[in-house]
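Structure file query_34.cif (mmCIF, C-alpha atoms and all ligand atoms) follows.
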data_data
loop_
_atom_site.group_PDB
_atom_site.id
_atom_site.type_symbol
_atom_site.label_atom_id
_atom_site.label_comp_id
_atom_site.auth_asym_id
_atom_site.auth_seq_id
_atom_site.Cartn_x
_atom_site.Cartn_y
_atom_site.Cartn_z
ATOM 1 C CA MET A 17 32.739 -6.086 35.100
ATOM 2 C CA LYS A 18 29.981 -3.799 36.365
ATOM 3 C CA ILE A 19 31.358 -0.715 38.032
ATOM 4 C CA GLY A 20 29.077 1.646 39.952
ATOM 5 C CA LEU A 21 29.768 5.085 41.350
ATOM 6 C CA TYR A 22 27.934 6.207 44.474
ATOM 7 C CA PRO A 23 28.639 9.923 44.835
ATOM 8 C CA GLY A 24 27.780 12.097 47.792
ATOM 9 C CA THR A 25 29.016 14.587 50.315
ATOM 10 C CA PHE A 26 28.687 12.138 53.223
ATOM 11 C CA ASP A 27 29.069 14.832 55.899
ATOM 12 C CA PRO A 28 28.914 12.495 57.783
ATOM 13 C CA ALA A 29 27.834 9.071 56.492
ATOM 14 C CA THR A 30 24.455 8.137 57.961
ATOM 15 C CA ASN A 31 22.446 4.937 58.282
ATOM 16 C CA GLY A 32 20.542 6.181 55.208
ATOM 17 C CA HIS A 33 23.752 6.306 53.140
ATOM 18 C CA ILE A 34 24.819 2.913 54.416
ATOM 19 C CA ASP A 35 21.433 1.422 53.537
ATOM 20 C CA ILE A 36 21.809 2.668 49.946
ATOM 21 C CA LEU A 37 25.374 1.329 49.863
ATOM 22 C CA SER A 38 24.144 -2.091 51.049
ATOM 23 C CA ARG A 39 21.744 -2.192 48.086
ATOM 24 C CA ALA A 40 24.243 -0.892 45.544
ATOM 25 C CA VAL A 41 26.746 -3.685 46.264
ATOM 26 C CA LYS A 42 24.130 -6.210 45.108
ATOM 27 C CA LEU A 43 24.085 -4.587 41.692
ATOM 28 C CA VAL A 44 27.746 -4.150 40.828
ATOM 29 C CA ASP A 45 31.030 -6.035 41.000
ATOM 30 C CA LYS A 46 32.908 -2.946 42.032
ATOM 31 C CA LEU A 47 31.517 0.076 43.831
ATOM 32 C CA ILE A 48 33.384 3.342 43.909
ATOM 33 C CA VAL A 49 32.150 5.671 46.598
ATOM 34 C CA GLY A 50 32.975 9.175 45.401
ATOM 35 C CA VAL A 51 33.248 11.602 48.284
ATOM 36 C CA ALA A 52 32.623 15.047 46.865
ATOM 37 C CA SER A 53 34.734 17.911 48.151
ATOM 38 C CA ASN A 54 31.618 20.094 47.736
ATOM 39 C CA ALA A 55 33.124 23.232 49.252
ATOM 40 C CA ALA A 56 29.956 25.160 48.386
ATOM 41 C CA LYS A 57 28.061 23.084 50.975
ATOM 42 C CA LYS A 58 30.660 24.087 53.623
ATOM 43 C CA PRO A 59 31.026 20.576 55.062
ATOM 44 C CA LEU A 60 31.642 20.152 58.784
ATOM 45 C CA PHE A 61 34.191 17.389 58.165
ATOM 46 C CA SER A 62 37.188 17.808 55.851
ATOM 47 C CA LEU A 63 37.336 15.774 52.660
ATOM 48 C CA ASP A 64 39.993 13.497 54.179
ATOM 49 C CA GLU A 65 37.868 12.901 57.258
ATOM 50 C CA ARG A 66 34.780 12.087 55.195
ATOM 51 C CA VAL A 67 36.769 9.665 53.036
ATOM 52 C CA GLU A 68 38.216 7.987 56.133
ATOM 53 C CA MET A 69 34.791 7.670 57.792
ATOM 54 C CA MET A 70 33.227 6.234 54.653
ATOM 55 C CA ARG A 71 36.108 3.747 54.273
ATOM 56 C CA THR A 72 35.526 2.527 57.804
ATOM 57 C CA GLU A 73 31.755 2.244 57.260
ATOM 58 C CA ALA A 74 32.155 0.441 53.922
ATOM 59 C CA GLU A 75 34.390 -2.266 55.486
ATOM 60 C CA GLN A 76 31.301 -4.266 56.487
ATOM 61 C CA PHE A 77 30.430 -4.890 52.808
ATOM 62 C CA LYS A 78 33.864 -5.943 51.593
ATOM 63 C CA ASP A 79 32.709 -9.539 50.994
ATOM 64 C CA MET A 80 29.857 -8.414 48.749
ATOM 65 C CA ALA A 81 31.727 -6.272 46.247
ATOM 66 C CA ASP A 82 35.049 -4.648 45.696
ATOM 67 C CA ILE A 83 34.588 -1.228 47.333
ATOM 68 C CA GLU A 84 36.860 1.722 46.812
ATOM 69 C CA VAL A 85 36.277 5.046 48.569
ATOM 70 C CA ARG A 86 37.830 7.988 46.752
ATOM 71 C CA PRO A 87 37.812 11.756 47.037
ATOM 72 C CA MET A 88 36.050 13.365 44.110
ATOM 73 C CA THR A 89 36.445 16.815 42.617
ATOM 74 C CA GLY A 90 35.155 18.305 39.418
ATOM 75 C CA LEU A 91 32.281 17.234 37.249
ATOM 76 C CA LEU A 92 30.466 14.091 38.394
ATOM 77 C CA ILE A 93 29.909 12.651 34.925
ATOM 78 C CA GLN A 94 33.580 13.192 34.074
ATOM 79 C CA PHE A 95 34.657 11.416 37.258
ATOM 80 C CA ALA A 96 32.264 8.537 36.475
ATOM 81 C CA GLN A 97 33.783 8.254 33.010
ATOM 82 C CA ASP A 98 37.350 8.416 34.357
ATOM 83 C CA VAL A 99 36.759 5.568 36.825
ATOM 84 C CA GLY A 100 34.989 3.459 34.182
ATOM 85 C CA ALA A 101 31.581 3.442 35.900
ATOM 86 C CA GLN A 102 28.600 2.333 33.823
ATOM 87 C CA VAL A 103 26.120 3.336 36.516
ATOM 88 C CA ILE A 104 25.756 6.203 38.946
ATOM 89 C CA ILE A 105 23.899 5.284 42.111
ATOM 90 C CA ARG A 106 21.789 7.758 44.031
ATOM 91 C CA GLY A 107 19.336 7.474 46.885
ATOM 92 C CA LEU A 108 15.873 8.939 46.923
ATOM 93 C CA ARG A 109 14.269 9.997 50.148
ATOM 94 C CA ALA A 110 11.093 11.971 49.831
ATOM 95 C CA VAL A 111 9.526 13.803 46.941
ATOM 96 C CA SER A 112 11.839 16.646 47.908
ATOM 97 C CA ASP A 113 14.851 14.802 46.448
ATOM 98 C CA PHE A 114 13.073 14.097 43.196
ATOM 99 C CA GLU A 115 13.199 17.479 41.487
ATOM 100 C CA TYR A 116 16.941 17.921 41.999
ATOM 101 C CA GLU A 117 17.767 14.337 41.028
ATOM 102 C CA PHE A 118 15.483 14.556 37.997
ATOM 103 C CA GLN A 119 17.378 17.591 36.723
ATOM 104 C CA MET A 120 20.813 16.152 37.485
ATOM 105 C CA THR A 121 20.024 12.877 35.731
ATOM 106 C CA GLY A 122 18.576 14.687 32.737
ATOM 107 C CA MET A 123 21.700 16.815 32.361
ATOM 108 C CA ASN A 124 24.045 13.877 32.892
ATOM 109 C CA GLN A 125 22.199 11.886 30.221
ATOM 110 C CA ARG A 126 22.914 14.702 27.797
ATOM 111 C CA LEU A 127 26.573 14.817 28.788
ATOM 112 C CA ASN A 128 27.140 11.076 28.516
ATOM 113 C CA THR A 129 24.595 8.749 26.951
ATOM 114 C CA ASP A 130 26.406 5.581 28.092
ATOM 115 C CA ILE A 131 26.224 6.121 31.842
ATOM 116 C CA GLU A 132 22.910 5.310 33.514
ATOM 117 C CA THR A 133 21.695 6.645 36.846
ATOM 118 C CA VAL A 134 19.993 4.166 39.163
ATOM 119 C CA PHE A 135 17.956 5.177 42.215
ATOM 120 C CA PHE A 136 17.434 3.234 45.387
ATOM 121 C CA MET A 137 15.085 3.923 48.249
ATOM 122 C CA ALA A 138 16.263 3.200 51.741
ATOM 123 C CA ASP A 139 14.341 1.071 54.189
ATOM 124 C CA PRO A 140 11.480 3.234 55.578
ATOM 125 C CA GLN A 141 13.163 3.514 58.985
ATOM 126 C CA TYR A 142 16.108 5.305 57.321
ATOM 127 C CA GLN A 143 14.270 7.386 54.746
ATOM 128 C CA ALA A 144 13.926 10.544 56.801
ATOM 129 C CA ILE A 145 17.594 10.654 57.775
ATOM 130 C CA ALA A 146 19.572 13.656 56.536
ATOM 131 C CA SER A 147 23.159 14.581 57.449
ATOM 132 C CA ARG A 148 22.126 18.217 57.834
ATOM 133 C CA LEU A 149 19.567 17.418 60.534
ATOM 134 C CA ILE A 150 21.871 15.015 62.345
ATOM 135 C CA LYS A 151 24.490 17.756 62.679
ATOM 136 C CA GLU A 152 21.806 20.084 64.006
ATOM 137 C CA ILE A 153 20.613 17.522 66.566
ATOM 138 C CA ALA A 154 24.197 16.840 67.667
ATOM 139 C CA ARG A 155 24.944 20.555 68.079
ATOM 140 C CA LEU A 156 21.860 20.946 70.246
ATOM 141 C CA GLY A 157 22.859 18.023 72.437
ATOM 142 C CA GLY A 158 20.274 15.527 71.141
ATOM 143 C CA ASP A 159 20.684 11.791 70.711
ATOM 144 C CA ILE A 160 22.010 10.927 67.246
ATOM 145 C CA THR A 161 22.517 7.201 67.845
ATOM 146 C CA PRO A 162 19.351 6.168 65.943
ATOM 147 C CA PHE A 163 20.704 7.790 62.775
ATOM 148 C CA VAL A 164 24.394 6.949 62.526
ATOM 149 C CA SER A 165 26.727 4.113 63.527
ATOM 150 C CA PRO A 166 28.368 4.302 66.975
ATOM 151 C CA TYR A 167 31.674 5.094 65.231
ATOM 152 C CA ILE A 168 30.200 8.044 63.291
ATOM 153 C CA ALA A 169 28.353 9.250 66.407
ATOM 154 C CA GLY A 170 31.720 9.354 68.224
ATOM 155 C CA GLN A 171 33.400 11.240 65.371
ATOM 156 C CA LEU A 172 30.571 13.763 65.221
ATOM 157 C CA MET A 173 30.465 14.396 68.959
ATOM 158 C CA GLU A 174 34.221 14.907 69.008
ATOM 159 C CA LYS A 175 34.079 17.296 66.042
ATOM 160 C CA ILE A 176 31.355 19.366 67.663
ATOM 161 C CA ARG A 177 33.226 19.466 70.980
ATOM 162 C CA ASN A 178 36.396 20.653 69.211
ATOM 163 C CA ASN A 179 34.510 23.291 67.231
ATOM 164 C CA ALA A 180 32.709 24.658 70.287
HETATM 165 P P1 LIG B 201 24.728 15.123 47.914
HETATM 166 O O1 LIG B 201 25.346 16.374 48.434
HETATM 167 O O2 LIG B 201 25.350 14.615 46.655
HETATM 168 O O3 LIG B 201 23.212 15.091 47.880
HETATM 169 P P2 LIG B 201 24.576 13.437 50.260
HETATM 170 O O4 LIG B 201 25.733 12.957 51.055
HETATM 171 O O5 LIG B 201 23.618 14.372 50.926
HETATM 172 O O6 LIG B 201 25.204 14.042 48.974
HETATM 173 O O7 LIG B 201 23.762 12.196 49.707
HETATM 174 C C1 LIG B 201 24.332 11.254 48.835
HETATM 175 C C2 LIG B 201 23.230 10.406 48.215
HETATM 176 O O8 LIG B 201 22.615 9.615 49.231
HETATM 177 C C3 LIG B 201 22.106 11.202 47.566
HETATM 178 O O9 LIG B 201 21.658 10.498 46.427
HETATM 179 C C4 LIG B 201 21.047 11.235 48.638
HETATM 180 O O10 LIG B 201 19.758 11.402 48.071
HETATM 181 C C5 LIG B 201 21.228 9.863 49.233
HETATM 182 N N1 LIG B 201 20.710 9.797 50.603
HETATM 183 C C6 LIG B 201 21.104 10.511 51.678
HETATM 184 N N2 LIG B 201 20.394 10.185 52.766
HETATM 185 C C7 LIG B 201 19.501 9.237 52.373
HETATM 186 C C8 LIG B 201 18.464 8.504 53.021
HETATM 187 N N3 LIG B 201 18.171 8.702 54.305
HETATM 188 N N4 LIG B 201 17.757 7.636 52.283
HETATM 189 C C9 LIG B 201 18.018 7.462 50.979
HETATM 190 N N5 LIG B 201 18.979 8.105 50.291
HETATM 191 C C10 LIG B 201 19.711 8.985 50.979
#
In structure tokens, write the structure found in this file.
Amino acid sequence: MKIGLYPGTFDPATNGHIDILSRAVKLVDKLIVGVASNAAKKPLFSLDERVEMMRTEAEQFKDMADIEVRPMTGLLIQFAQDVGAQVIIRGLRAVSDFEYEFQMTGMNQRLNTDIETVFFMADPQYQAIASRLIKEIARLGGDITPFVSPYIAGQLMEKIRNNA
């Protein structure tokens, strides 16, 4: 059975993330979405909230693969090994993602030679989407509906209202 791990911060899940997820489920029998606690990034949403949001978003693909959304702490390659993943799935946006992903993949290959990293590119309409910018737009009162699902848009607006 092919098991894939799609790791990310997902703060919050965007249409770009969901596009990558929709491609990943074609490749594996089981997809584990690893939601990184990533305290260093100071996420807007708590780990529990991000897991819950991703679970709700992933529901739409449940007929395509077995999907499990789990919180993830510690070293990525160790988590991948622990959950039995043979592949790590990442998304590439612009050239700007490349350098970081190149280094990460290179290091992970040294740490575990059995786990491969696979990259997907989102549909062009989703390629420019970044969680960081969506949060900025939402804070400034802009329209975020082109970038996230209506459910995520609601969660984000509520979070920003409560934090104000
Ligand atoms: P991380 O903090 O691990 O980069 P993110 O939640 O920002 O987590 O992203 C998770 C993965 O999804 C990364 O591989 C990232 O490049 C990818 N990704 C995010 N947004 C997009 C997008 N719009 N198009 C393609 N890939 C994306």
_I need every residue sitting at most 12 Å from the point (26.2, 6.2, 28.4) (coordinates as in the file, only C-alpha atoms considered), written as a list of chain:residue names._
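Here the neighbourhood of the point contains A:Ile93, A:Gln94, A:Ala96, A:Gln97, A:Gly100, A:Ala101, A:Gln102, A:Val103, A:Ile104, A:Thr121, A:Asn124, A:Gln125, A:Arg126, A:Leu127, A:Asn128, A:Thr129, A:Asp130, A:Ile131, A:Glu132, A:Thr133.
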Let's have the selection written as a compact mmCIF listing (two decimals), in the frame of the given file, with C-alpha atoms.
# COMPACT_ATOMS: atom_id res chain seq x y z
CA ILE A 93 29.91 12.65 34.92
CA GLN A 94 33.58 13.19 34.07
CA ALA A 96 32.26 8.54 36.48
CA GLN A 97 33.78 8.25 33.01
CA GLY A 100 34.99 3.46 34.18
CA ALA A 101 31.58 3.44 35.90
CA GLN A 102 28.60 2.33 33.82
CA VAL A 103 26.12 3.34 36.52
CA ILE A 104 25.76 6.20 38.95
CA THR A 121 20.02 12.88 35.73
CA ASN A 124 24.04 13.88 32.89
CA GLN A 125 22.20 11.89 30.22
CA ARG A 126 22.91 14.70 27.80
CA LEU A 127 26.57 14.82 28.79
CA ASN A 128 27.14 11.08 28.52
CA THR A 129 24.60 8.75 26.95
CA ASP A 130 26.41 5.58 28.09
CA ILE A 131 26.22 6.12 31.84
CA GLU A 132 22.91 5.31 33.51
CA THR A 133 21.70 6.64 36.85
*Ground truth for the PyMOL selection byres (((not hetatm)) within 8 of (chain B and resi 201)), written as number ranges by chain*: A: 22-33, 35-36, 52, 54, 57, 105-109, 113, 117, 135-139, 142-147
Which polymer residues have any atom within 12 Å of an atom of Arg86 in chain A, counting all atoms listed in the file, with same-chain residues fewer than 4 positions away left out, as a PDB file with C-alpha atoms, keeping the file's coordinate frame?
ATOM      1  CA  LEU A  21      29.768   5.085  41.350  1.00  0.00           C
ATOM      2  CA  TYR A  22      27.934   6.207  44.474  1.00  0.00           C
ATOM      3  CA  PRO A  23      28.639   9.923  44.835  1.00  0.00           C
ATOM      4  CA  GLY A  24      27.780  12.097  47.792  1.00  0.00           C
ATOM      5  CA  THR A  25      29.016  14.587  50.315  1.00  0.00           C
ATOM      6  CA  PHE A  26      28.687  12.138  53.223  1.00  0.00           C
ATOM      7  CA  LEU A  47      31.517   0.076  43.831  1.00  0.00           C
ATOM      8  CA  ILE A  48      33.384   3.342  43.909  1.00  0.00           C
ATOM      9  CA  VAL A  49      32.150   5.671  46.598  1.00  0.00           C
ATOM     10  CA  GLY A  50      32.975   9.175  45.401  1.00  0.00           C
ATOM     11  CA  VAL A  51      33.248  11.602  48.284  1.00  0.00           C
ATOM     12  CA  ALA A  52      32.623  15.047  46.865  1.00  0.00           C
ATOM     13  CA  SER A  53      34.734  17.911  48.151  1.00  0.00           C
ATOM     14  CA  LEU A  63      37.336  15.774  52.660  1.00  0.00           C
ATOM     15  CA  ASP A  64      39.993  13.497  54.179  1.00  0.00           C
ATOM     16  CA  GLU A  65      37.868  12.901  57.258  1.00  0.00           C
ATOM     17  CA  ARG A  66      34.780  12.087  55.195  1.00  0.00           C
ATOM     18  CA  VAL A  67      36.769   9.665  53.036  1.00  0.00           C
ATOM     19  CA  GLU A  68      38.216   7.987  56.133  1.00  0.00           C
ATOM     20  CA  MET A  69      34.791   7.670  57.792  1.00  0.00           C
ATOM     21  CA  MET A  70      33.227   6.234  54.653  1.00  0.00           C
ATOM     22  CA  ARG A  71      36.108   3.747  54.273  1.00  0.00           C
ATOM     23  CA  ALA A  74      32.155   0.441  53.922  1.00  0.00           C
ATOM     24  CA  PHE A  95      34.657  11.416  37.258  1.00  0.00           C
ATOM     25  CA  ALA A  96      32.264   8.537  36.475  1.00  0.00           C
ATOM     26  CA  VAL A  99      36.759   5.568  36.825  1.00  0.00           C
TER      27      VAL A  99
END
*asked:* Calculated over all atoms listed in the file, which of the candidates A:Ala55, A:Val85, A:Ala154, A:Ala180 has the smallest distance to Thr72 in chain A?
replied: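 With all atoms listed in the file as the atom set, the closest residue is A:Val85.
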*If the PyMOL selection byres (((chain A and resi 170-177) around 9) and not hetatm) is run on the structure shown, which residues does it catch, given as a ChimeraX atom specification?*
/A:28,60-61,69,151,154-155,165-169,178-180
*Kindly give the distance, in Å, that separates CA of Glu115 in chain A and CA of Leu92 in chain A, rounded to a single decimal.*
17.9 Å
*Distance of CA of Ala81 in chain A from CA of Phe114 in chain A, expressed in Å to one decimal place*: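 Between these atoms lies a distance of 27.8 Å.
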*Could you work out how far CA of Val134 in chain A lies from CA of Lys18 in chain A, giving the answer in Å with one decimal?*
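Taking CA of Lys18 in chain A and CA of Val134 in chain A, their separation equals 13.1 Å.
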Could you complete range 127-154 of chain A so that it carries N, CA and C atoms, and give it back as a compact mmCIF listing (two decimals), in the frame of the given file?
# COMPACT_ATOMS: atom_id res chain seq x y z
N LEU A 127 25.11 14.72 28.81
CA LEU A 127 26.57 14.82 28.79
C LEU A 127 27.23 13.49 28.43
N ASN A 128 26.60 12.41 28.83
CA ASN A 128 27.14 11.08 28.52
C ASN A 128 25.99 10.08 28.40
N THR A 129 25.76 9.62 27.19
CA THR A 129 24.60 8.75 26.95
C THR A 129 24.85 7.31 27.40
N ASP A 130 26.10 6.97 27.73
CA ASP A 130 26.41 5.58 28.09
C ASP A 130 26.26 5.30 29.58
N ILE A 131 26.25 6.34 30.39
CA ILE A 131 26.22 6.12 31.84
C ILE A 131 24.80 6.30 32.35
N GLU A 132 24.28 5.26 33.00
CA GLU A 132 22.91 5.31 33.51
C GLU A 132 22.91 5.70 34.99
N THR A 133 21.85 6.36 35.42
CA THR A 133 21.70 6.64 36.85
C THR A 133 20.61 5.73 37.40
N VAL A 134 20.92 5.11 38.52
CA VAL A 134 19.99 4.17 39.16
C VAL A 134 19.66 4.70 40.55
N PHE A 135 18.38 4.66 40.91
CA PHE A 135 17.96 5.18 42.22
C PHE A 135 17.50 4.05 43.13
N PHE A 136 17.90 4.17 44.36
CA PHE A 136 17.43 3.23 45.39
C PHE A 136 16.69 4.01 46.46
N MET A 137 15.73 3.33 47.08
CA MET A 137 15.08 3.92 48.25
C MET A 137 15.53 3.14 49.47
N ALA A 138 15.82 3.86 50.51
CA ALA A 138 16.26 3.20 51.74
C ALA A 138 15.07 2.55 52.43
N ASP A 139 15.36 1.66 53.34
CA ASP A 139 14.34 1.07 54.19
C ASP A 139 13.58 2.23 54.87
N PRO A 140 12.24 2.11 55.01
CA PRO A 140 11.48 3.23 55.58
C PRO A 140 12.06 3.82 56.87
N GLN A 141 12.63 2.99 57.72
CA GLN A 141 13.16 3.51 58.98
C GLN A 141 14.34 4.48 58.78
N TYR A 142 14.96 4.43 57.58
CA TYR A 142 16.11 5.30 57.32
C TYR A 142 15.79 6.45 56.37
N GLN A 143 14.57 6.46 55.84
CA GLN A 143 14.27 7.39 54.75
C GLN A 143 14.30 8.86 55.14
N ALA A 144 13.99 9.13 56.39
CA ALA A 144 13.93 10.54 56.80
C ALA A 144 15.28 11.08 57.25
N ILE A 145 16.30 10.24 57.23
CA ILE A 145 17.59 10.65 57.78
C ILE A 145 18.34 11.59 56.82
N ALA A 146 18.79 12.70 57.34
CA ALA A 146 19.57 13.66 56.54
C ALA A 146 20.76 14.14 57.37
N SER A 147 21.94 14.15 56.75
CA SER A 147 23.16 14.58 57.45
C SER A 147 22.97 15.96 58.09
N ARG A 148 22.31 16.83 57.35
CA ARG A 148 22.13 18.22 57.83
C ARG A 148 21.40 18.23 59.18
N LEU A 149 20.35 17.43 59.29
CA LEU A 149 19.57 17.42 60.53
C LEU A 149 20.32 16.73 61.67
N ILE A 150 21.09 15.71 61.32
CA ILE A 150 21.87 15.02 62.34
C ILE A 150 22.89 15.96 62.99
N LYS A 151 23.51 16.79 62.15
CA LYS A 151 24.49 17.76 62.68
C LYS A 151 23.80 18.76 63.60
N GLU A 152 22.60 19.14 63.21
CA GLU A 152 21.81 20.08 64.01
C GLU A 152 21.45 19.46 65.37
N ILE A 153 21.00 18.21 65.33
CA ILE A 153 20.61 17.52 66.57
C ILE A 153 21.83 17.39 67.49
N ALA A 154 22.97 17.02 66.88
CA ALA A 154 24.20 16.84 67.67
C ALA A 154 24.63 18.16 68.31
